[in-house]
Amino acid sequence: MIRKWRRSRGGALRRASSGGAHARITLLLCLAGVATAARAQQPPMASSLPATQMCSRGTDSTTNVALNCTALVPVPDLASATGVVALLPARTPFSVATTIDGRPRYHLVGTFAGLPDPHALGNYTGYVAWAYTLALDSAVKLGVVHNGRVDLGELDYTQFRILVSAERAPSAASARGGRLVLRGTSPSARLMTHRDLLQPSAPGALQSGTAEMAMTRERDTAQRIENREAALHWSMPPMSPQMPMMPGMSGLTPPVTPFLPSAAGARVPLARPRKLLRLANGDTLRLTAGKVMRTIAGNTFTMYGFNDQYPGPLLEVQQGATIIVHYHNALDEPSSVHWHGVRLDNRFDGAVGVTQQAVPPGDSFAYTVHFPDAGIYWYHPHMREDTQQDLGLYGNILVQPGSAHYYSSVVNREEVLALDDLAIDEGGLVPYGVEAPTHALMGRFGNVFLINGEPHYTLDVDRDDIVRFFLTNASNARMYNLSFGDARMKVIASDLGKLEREEWVRSVAIAPAERYVVEVKFGHDGRLAMVNRVQALAHIAGTYSAETDTLGVIRVTPQTKITHADREFETLHANSDVEGDLAPYRKYFAKPVDHSLVLTFAARELPNAVSNMLLGINAAVEWNDGMPMMNWLVTGRQVRWILRDLATGKENMDIDWHFTQGDVVKLRLFNDPASSHAMQHPIHLHGQRFLVLSRDGVSNTNLSWKDTAVIPAGETVDLLVDMSNPGRWMLHCHVAEHLSAGMMTMFTVSPRDQKTPARM
């Protein structure tokens, strides 16, 4: 579907009783001001600290751009009172905690000092913390506070203020009525400075930008349609009315050559829907990457496909099977196939420049692919993913478990869904860059959503059917917050296998390259929308609005089957087999960190209109392209996304880590909020599996083996990696444009029989 833009508002508060971390305050800074200027260098030591300790380090330059704490400022006559509220990750089975409508979920922990005896301020007996909207038009009581550490429960506002007041009856107060003592504003309000500082006459400037955008769009569309069969030229990317063009950007285009596949000179077949191929141990698959014709949203254009299918064939194999894949490259450019998440022999990993040379046009390569783990996996190129993958070169692999009792037996059917999006305007596909990727700031977001390659996914089920969905995010950059109306849903597995415990969820937060397995019961007949619901950020205004996109429709018939599955479905199972698999690794959970990576950013030769917008960040996760014009303008020639080894200062492919097969390694990844455009990064490790141990010092209490984990801006995430597979492997961001802009490194795992010192 093509997105129809909407705006709405909403917000709610909920309380939680678990979680929390210690904080000790030495110096507090107000977080509501403008972020510091863009910096490429990581401040010393800050990246190794949990979020709450970062809040306390007032001398660190990261403190005033922190996204995980709100400093509270005292009223002038109570200058001795101090407070800070840490915005810790709320517990979730996903990488990001969010509500069903996309609002972030925080667990609030406050630390207060210098609060005087409330009686000294008047007829008061205690202090209360409140959460308000920015407009102060609604509030919820967080709880009674005192000097020291206080658990304030869970909050799910997008932007908010925290006030602390002295109250006559703090335990019973339902509305603030006493004397104000402390106040602070969430970091999520920080980008409003773009409106206030960069545009002194904000309303007029915004209106001017909107009118300018409309005229430019009309001109570009006419020229694009006229020249569709002639030489390509750049036209403005799709933009919503809520996100107008920044003044000063009119007439700018990416400084690279535009590219789209051409059908000239060859017969290009119409793309077919994917087919299911069941492969037994020892079978051979012939896989060809080539051009296909597709019609989407009323436009017909040339794209790519495996075996003339879009997406590629769905492969179904048994756990433990090995297949041979004869890959042929019928494209006009070099390519390869990466078997994402599969712990296979290193030489068949498909990582161009690391495990193999690119397969030239017209040439072939034979892959031997072994599947040791049950679950859902996928395959895609590992060369210019920003174009080749986005144009359709991807497919799923369903590895059926060796045990018949691995999953619950109550489901009526299984569905494998690949989520994707495409950038399409009135003239067709938005072109890509030849010499380097466009959209190198945030990655390429599309305005047309696809499920299994189609914009109008439908599924017919009977009432009370239970469907097991295997979900893969194949988008270049977009995170999804997926839900199935009001149908009951539980998550049972992630990238490389089951969770320790099944959990009820209302939506699935899934980042590029991640996979999740959920079971959904459709208890009512009728039509249910499968939707992506997020809070869309408009960078130019610094505000959020609710955005809902329908990805598909589930049609539930009144017919129902006699079944005894209800009790089984309503039970949240603890998986003793997973706990047994994890048992040998628990002794390493508290081990020291072996290596730390800082995730940051550097830029050069940006247009002034773009540079002026890079003044800071206010969101740990951005679910939409909130600055589509400037994102499109910036290419991989102008920016470099960086993985920096904290110990050595080496960056990206200069990092040289060595391990021995069997090592258990703790990695710490810190996403520096002081970089000029911090944003979330889905970090993928080739050939290995890992556990996400903690986020900002908050332990993960429901583990599963993964190969991709999201590192939100400002967060510190600890991974425990099982270095079980020898070879030279890649570690990189799976936002396709970030990978092409340098955000990758390599590590070596030596076989056990080579006497390399173990990193234990």
# chains A, B, ... in the order shown; residues from 1 in each chain; ligands from 1
call {"tool": "residues_around", "arguments": {"residues": "segment 349-351 of chain A", "least_positions_apart": "5", "cutoff": "9 Å", "atoms": "only C-alpha atoms", "output": "list of chain:residue names"}}
result
A:Ser336, A:Val337, A:His338, A:Trp339, A:His340, A:Val342, A:Arg343, A:Leu344, A:Gln356, A:Gln357, A:Ala358, A:Tyr367, A:Val369, A:Pro381, A:His382, A:Met383, A:His686, A:Gly687, A:Trp729, A:Met730
call {"tool": "write_last_selection", "arguments": {"atoms": "C-alpha atoms", "output": "compact mmCIF listing (two decimals), in the first residue's frame"}}
result
# COMPACT_ATOMS: atom_id res chain seq x y z
CA SER A 336 26.78 -12.94 -3.97
CA VAL A 337 24.45 -14.77 -1.57
CA HIS A 338 24.73 -14.46 2.22
CA TRP A 339 22.90 -17.06 4.31
CA HIS A 340 21.82 -14.78 7.14
CA VAL A 342 23.07 -19.72 9.42
CA ARG A 343 26.14 -21.05 11.24
CA LEU A 344 27.67 -22.59 8.13
CA GLN A 356 34.74 -14.87 -1.31
CA GLN A 357 35.18 -12.61 -4.30
CA ALA A 358 32.05 -11.14 -5.84
CA TYR A 367 27.53 -22.88 -1.92
CA VAL A 369 24.88 -24.72 3.25
CA PRO A 381 23.22 -10.44 -1.43
CA HIS A 382 26.20 -9.16 0.51
CA MET A 383 27.19 -6.50 -2.00
CA HIS A 686 28.04 -13.48 10.92
CA GLY A 687 28.54 -17.16 11.67
CA TRP A 729 33.59 -13.19 9.95
CA MET A 730 31.87 -9.83 9.63
call {"tool": "closest_atom_pairs", "arguments": {"of": "segment 305-419 of chain A", "to": "segment 260-276 of chain A", "cutoff": "6 Å", "atoms": "only C-alpha atoms", "output": "tab-separated table"}}
result
residue	atom	partner	partner_atom	distance
A:Asp308	CA	A:Ala271	CA	5.3
A:Gln309	CA	A:Arg272	CA	4.6
A:Tyr310	CA	A:Pro273	CA	5.6
A:Pro311	CA	A:Arg274	CA	5.7
A:Gly312	CA	A:Arg274	CA	5.7
A:Pro313	CA	A:Arg274	CA	4.9
A:Leu314	CA	A:Leu276	CA	4.7
call {"tool": "residues_around", "arguments": {"residues": "Arg637 of chain A", "least_positions_apart": "5", "cutoff": "9 Å", "atoms": "only C-alpha atoms", "output": "list in words"}}
result
Pro255, Val256, Glu435, Ala436, Pro437, Ala440, Ala603, Arg604 and Ala741 of chain A
call {"tool": "residues_around", "arguments": {"residues": "Arg384 of chain A", "least_positions_apart": "5", "cutoff": "12 Å", "atoms": "only C-alpha atoms", "output": "PyMOL selection string"}}
result
chain A and resi 333-337+351-352+358+389-391+393+432-438+476+636+734-742
call {"tool": "residues_around", "arguments": {"residues": "Ala289 of chain A", "least_positions_apart": "4", "cutoff": "6 Å", "atoms": "only C-alpha atoms", "output": "compact mmCIF listing (two decimals) with C-alpha atoms, in the first residue's frame"}}
result
# COMPACT_ATOMS: atom_id res chain seq x y z
CA GLY A 305 14.39 -11.54 -8.29
CA PHE A 306 15.73 -14.99 -7.50
CA ASN A 329 24.45 -14.24 -11.43
CA ALA A 330 22.34 -13.01 -14.37
call {"tool": "closest_residue", "arguments": {"among": "A:Thr708, A:Met629, A:Phe747, A:His328", "to": "Gly727 of chain A", "atoms": "only C-alpha atoms"}}
result
A:Phe747
call {"tool": "residues_around", "arguments": {"residues": "Leu121 of chain A", "least_positions_apart": "5", "cutoff": "9 Å", "atoms": "only C-alpha atoms", "output": "list in words"}}
result
Pro116, Ala166 and Arg179 of chain A
call {"tool": "write_last_selection", "arguments": {"atoms": "N, CA, C and O atoms", "output": "PDB file, in the first residue's frame"}}
result
ATOM      1  N   PRO A 116      14.303  19.202  51.578  1.00  0.00           N
ATOM      2  CA  PRO A 116      14.171  19.544  53.002  1.00  0.00           C
ATOM      3  C   PRO A 116      12.965  18.844  53.623  1.00  0.00           C
ATOM      4  O   PRO A 116      12.122  18.266  52.926  1.00  0.00           O
ATOM      5  N   ALA A 166       5.708  19.437  46.822  1.00  0.00           N
ATOM      6  CA  ALA A 166       5.379  19.129  48.214  1.00  0.00           C
ATOM      7  C   ALA A 166       3.859  19.108  48.334  1.00  0.00           C
ATOM      8  O   ALA A 166       3.174  19.998  47.830  1.00  0.00           O
ATOM      9  N   ARG A 179       3.300  22.811  46.558  1.00  0.00           N
ATOM     10  CA  ARG A 179       4.359  23.707  46.119  1.00  0.00           C
ATOM     11  C   ARG A 179       5.334  22.988  45.207  1.00  0.00           C
ATOM     12  O   ARG A 179       5.819  21.891  45.506  1.00  0.00           O
TER      13      ARG A 179
END
call {"tool": "closest_residue", "arguments": {"among": "A:Ala81, A:Met479, A:Leu163, A:Ala418", "to": "Phe445 of chain A", "atoms": "only C-alpha atoms"}}
result
A:Met479
call {"tool": "closest_atom_pairs", "arguments": {"of": "segment 369-461 of chain A", "to": "segment 527-533 of chain A", "cutoff": "12 Å", "atoms": "only C-alpha atoms", "output": "tab-separated table"}}
result
residue	atom	partner	partner_atom	distance
A:Leu417	CA	A:Met530	CA	11.8
A:Leu419	CA	A:Asn532	CA	10.5
A:Asp420	CA	A:Asn532	CA	11.7
A:Asp421	CA	A:Asn532	CA	11.8
A:Phe449	CA	A:Asn532	CA	9.7
A:Leu450	CA	A:Asn532	CA	11.7
A:Ile451	CA	A:Met530	CA	10.5
A:His456	CA	A:Met530	CA	10.7
A:Tyr457	CA	A:Met530	CA	9.0
A:Thr458	CA	A:Met530	CA	9.2
A:Leu459	CA	A:Leu528	CA	9.9
A:Asp460	CA	A:Arg527	CA	9.4
A:Val461	CA	A:Arg527	CA	10.2
call {"tool": "write_last_selection", "arguments": {"atoms": "N, CA and C atoms", "output": "CSV table (one decimal), in the first residue's frame"}}
result
chain,number,residue,atom,x,y,z
A,417,LEU,N,6.3,-14.8,6.8
A,417,LEU,CA,6.1,-13.4,6.3
A,417,LEU,C,7.4,-12.6,6.2
A,419,LEU,N,8.7,-8.8,5.7
A,419,LEU,CA,8.2,-7.5,5.7
A,419,LEU,C,9.2,-6.6,5.0
A,420,ASP,N,8.7,-5.7,4.1
A,420,ASP,CA,9.5,-4.9,3.3
A,420,ASP,C,8.8,-3.6,3.0
A,421,ASP,N,9.6,-2.6,2.5
A,421,ASP,CA,9.0,-1.4,2.0
A,421,ASP,C,9.8,-0.8,0.8
A,449,PHE,N,4.3,-0.5,1.4
A,449,PHE,CA,4.7,-1.6,2.3
A,449,PHE,C,4.3,-2.9,1.6
A,450,LEU,N,5.2,-3.9,1.7
A,450,LEU,CA,5.1,-5.2,1.1
A,450,LEU,C,5.1,-6.3,2.1
A,451,ILE,N,4.3,-7.3,1.9
A,451,ILE,CA,4.5,-8.6,2.7
A,451,ILE,C,4.6,-9.7,1.7
A,456,HIS,N,-0.8,-6.0,-0.9
A,456,HIS,CA,-2.1,-6.2,-0.4
A,456,HIS,C,-2.1,-7.7,0.1
A,457,TYR,N,-1.5,-8.0,1.2
A,457,TYR,CA,-1.5,-9.3,1.8
A,457,TYR,C,-2.8,-9.6,2.4
A,458,THR,N,-3.3,-10.8,2.1
A,458,THR,CA,-4.6,-11.3,2.8
A,458,THR,C,-4.4,-12.7,3.2
A,459,LEU,N,-5.1,-13.1,4.3
A,459,LEU,CA,-5.0,-14.5,4.8
A,459,LEU,C,-6.4,-14.8,5.3
A,460,ASP,N,-6.9,-16.0,4.9
A,460,ASP,CA,-8.2,-16.5,5.3
A,460,ASP,C,-8.0,-17.6,6.4
A,461,VAL,N,-8.7,-17.4,7.5
A,461,VAL,CA,-8.6,-18.4,8.6
A,461,VAL,C,-10.0,-18.6,9.1
call {"tool": "select_by_dssp", "arguments": {"residues": "segment 360-442 of chain A", "states": "helix (DSSP H, G or I)", "output": "list of chain:residue names"}}
result
A:Glu385, A:Asp386, A:Thr387, A:Gln388
call {"tool": "atom_distance", "arguments": {"atom1": "atom CA of Ala511 of chain A", "atom2": "atom CA of Ser475 of chain A"}}
result
8.5 Å
call {"tool": "residues_around", "arguments": {"residues": "Gln318 of chain A", "least_positions_apart": "4", "cutoff": "8 Å", "atoms": "only C-alpha atoms", "output": "compact mmCIF listing (two decimals) with C-alpha atoms, in the first residue's frame"}}
result
# COMPACT_ATOMS: atom_id res chain seq x y z
CA ALA A 280 16.08 -32.91 1.74
CA ASN A 281 19.58 -33.52 3.01
CA PHE A 371 21.61 -25.85 8.89
CA ALA A 374 15.94 -24.73 13.90
CA VAL A 399 14.44 -24.83 9.21
CA GLN A 400 12.09 -27.37 10.74
CA PRO A 401 13.24 -28.67 14.14
CA GLY A 402 14.55 -32.18 14.59
call {"tool": "decode", "arguments": {"residues": "segment 610-685 of chain A", "atoms": "C-alpha atoms", "output": "PDB file, in the first residue's frame"}}
result
ATOM      1  CA  VAL A 610      21.805  19.696   6.069  1.00  0.00           C
ATOM      2  CA  SER A 611      24.606  20.533   8.514  1.00  0.00           C
ATOM      3  CA  ASN A 612      22.364  22.995  10.316  1.00  0.00           C
ATOM      4  CA  MET A 613      19.897  20.228  11.097  1.00  0.00           C
ATOM      5  CA  LEU A 614      22.529  17.991  12.682  1.00  0.00           C
ATOM      6  CA  LEU A 615      22.353  19.686  16.069  1.00  0.00           C
ATOM      7  CA  GLY A 616      21.533  16.726  18.226  1.00  0.00           C
ATOM      8  CA  ILE A 617      19.166  13.848  18.757  1.00  0.00           C
ATOM      9  CA  ASN A 618      16.120  13.296  20.912  1.00  0.00           C
ATOM     10  CA  ALA A 619      15.007   9.748  20.193  1.00  0.00           C
ATOM     11  CA  ALA A 620      16.614   6.433  21.061  1.00  0.00           C
ATOM     12  CA  VAL A 621      14.648   4.829  18.218  1.00  0.00           C
ATOM     13  CA  GLU A 622      13.239   6.496  15.105  1.00  0.00           C
ATOM     14  CA  TRP A 623      10.457   4.503  13.442  1.00  0.00           C
ATOM     15  CA  ASN A 624      10.119   6.733  10.384  1.00  0.00           C
ATOM     16  CA  ASP A 625      12.201   8.967   8.148  1.00  0.00           C
ATOM     17  CA  GLY A 626      11.547  12.251   9.910  1.00  0.00           C
ATOM     18  CA  MET A 627      13.796  14.252   7.565  1.00  0.00           C
ATOM     19  CA  PRO A 628      13.250  12.657   4.132  1.00  0.00           C
ATOM     20  CA  MET A 629      14.771  15.429   2.019  1.00  0.00           C
ATOM     21  CA  MET A 630      18.071  15.708   3.876  1.00  0.00           C
ATOM     22  CA  ASN A 631      18.301  11.952   4.350  1.00  0.00           C
ATOM     23  CA  TRP A 632      17.961  11.454   0.579  1.00  0.00           C
ATOM     24  CA  LEU A 633      20.566  14.141  -0.183  1.00  0.00           C
ATOM     25  CA  VAL A 634      23.306  12.622   1.971  1.00  0.00           C
ATOM     26  CA  THR A 635      25.322   9.826   0.367  1.00  0.00           C
ATOM     27  CA  GLY A 636      27.912   7.312   1.471  1.00  0.00           C
ATOM     28  CA  ARG A 637      30.549   9.614  -0.010  1.00  0.00           C
ATOM     29  CA  GLN A 638      29.797  12.305   2.566  1.00  0.00           C
ATOM     30  CA  VAL A 639      29.246  10.297   5.733  1.00  0.00           C
ATOM     31  CA  ARG A 640      31.001   7.470   7.461  1.00  0.00           C
ATOM     32  CA  TRP A 641      29.232   5.359  10.041  1.00  0.00           C
ATOM     33  CA  ILE A 642      31.758   4.111  12.574  1.00  0.00           C
ATOM     34  CA  LEU A 643      32.404   1.142  14.836  1.00  0.00           C
ATOM     35  CA  ARG A 644      35.280   2.205  17.113  1.00  0.00           C
ATOM     36  CA  ASP A 645      37.246  -0.139  19.389  1.00  0.00           C
ATOM     37  CA  LEU A 646      37.311   1.725  22.704  1.00  0.00           C
ATOM     38  CA  ALA A 647      40.620   0.150  23.793  1.00  0.00           C
ATOM     39  CA  THR A 648      42.663   0.786  20.639  1.00  0.00           C
ATOM     40  CA  GLY A 649      40.825   3.588  18.855  1.00  0.00           C
ATOM     41  CA  LYS A 650      40.802   1.519  15.661  1.00  0.00           C
ATOM     42  CA  GLU A 651      37.741   1.877  13.472  1.00  0.00           C
ATOM     43  CA  ASN A 652      35.704  -0.352  11.175  1.00  0.00           C
ATOM     44  CA  MET A 653      37.863  -2.679   9.041  1.00  0.00           C
ATOM     45  CA  ASP A 654      41.055  -1.642  10.886  1.00  0.00           C
ATOM     46  CA  ILE A 655      39.809  -3.474  14.003  1.00  0.00           C
ATOM     47  CA  ASP A 656      41.609  -6.793  14.390  1.00  0.00           C
ATOM     48  CA  TRP A 657      40.026  -9.144  16.927  1.00  0.00           C
ATOM     49  CA  HIS A 658      41.181 -12.751  17.306  1.00  0.00           C
ATOM     50  CA  PHE A 659      39.458 -15.544  19.194  1.00  0.00           C
ATOM     51  CA  THR A 660      39.695 -19.308  19.451  1.00  0.00           C
ATOM     52  CA  GLN A 661      36.857 -21.687  18.694  1.00  0.00           C
ATOM     53  CA  GLY A 662      35.040 -22.328  21.967  1.00  0.00           C
ATOM     54  CA  ASP A 663      35.714 -18.893  23.455  1.00  0.00           C
ATOM     55  CA  VAL A 664      32.816 -17.182  25.189  1.00  0.00           C
ATOM     56  CA  VAL A 665      33.262 -13.448  24.649  1.00  0.00           C
ATOM     57  CA  LYS A 666      31.487 -10.487  26.209  1.00  0.00           C
ATOM     58  CA  LEU A 667      31.069  -7.512  23.894  1.00  0.00           C
ATOM     59  CA  ARG A 668      29.831  -4.109  25.046  1.00  0.00           C
ATOM     60  CA  LEU A 669      28.293  -1.816  22.423  1.00  0.00           C
ATOM     61  CA  PHE A 670      27.638   1.826  23.223  1.00  0.00           C
ATOM     62  CA  ASN A 671      25.670   4.003  20.791  1.00  0.00           C
ATOM     63  CA  ASP A 672      27.130   7.468  21.368  1.00  0.00           C
ATOM     64  CA  PRO A 673      24.323  10.051  21.694  1.00  0.00           C
ATOM     65  CA  ALA A 674      26.848  12.864  21.211  1.00  0.00           C
ATOM     66  CA  SER A 675      27.470  11.955  17.575  1.00  0.00           C
ATOM     67  CA  SER A 676      25.942  14.346  15.082  1.00  0.00           C
ATOM     68  CA  HIS A 677      23.161  11.967  14.131  1.00  0.00           C
ATOM     69  CA  ALA A 678      22.862   9.141  16.626  1.00  0.00           C
ATOM     70  CA  MET A 679      20.178   6.581  15.732  1.00  0.00           C
ATOM     71  CA  GLN A 680      19.467   2.923  16.372  1.00  0.00           C
ATOM     72  CA  HIS A 681      21.660   0.298  14.684  1.00  0.00           C
ATOM     73  CA  PRO A 682      20.719  -3.375  14.191  1.00  0.00           C
ATOM     74  CA  ILE A 683      24.111  -5.030  14.672  1.00  0.00           C
ATOM     75  CA  HIS A 684      24.574  -8.415  12.995  1.00  0.00           C
ATOM     76  CA  LEU A 685      27.315 -10.984  13.665  1.00  0.00           C
TER      77      LEU A 685
END
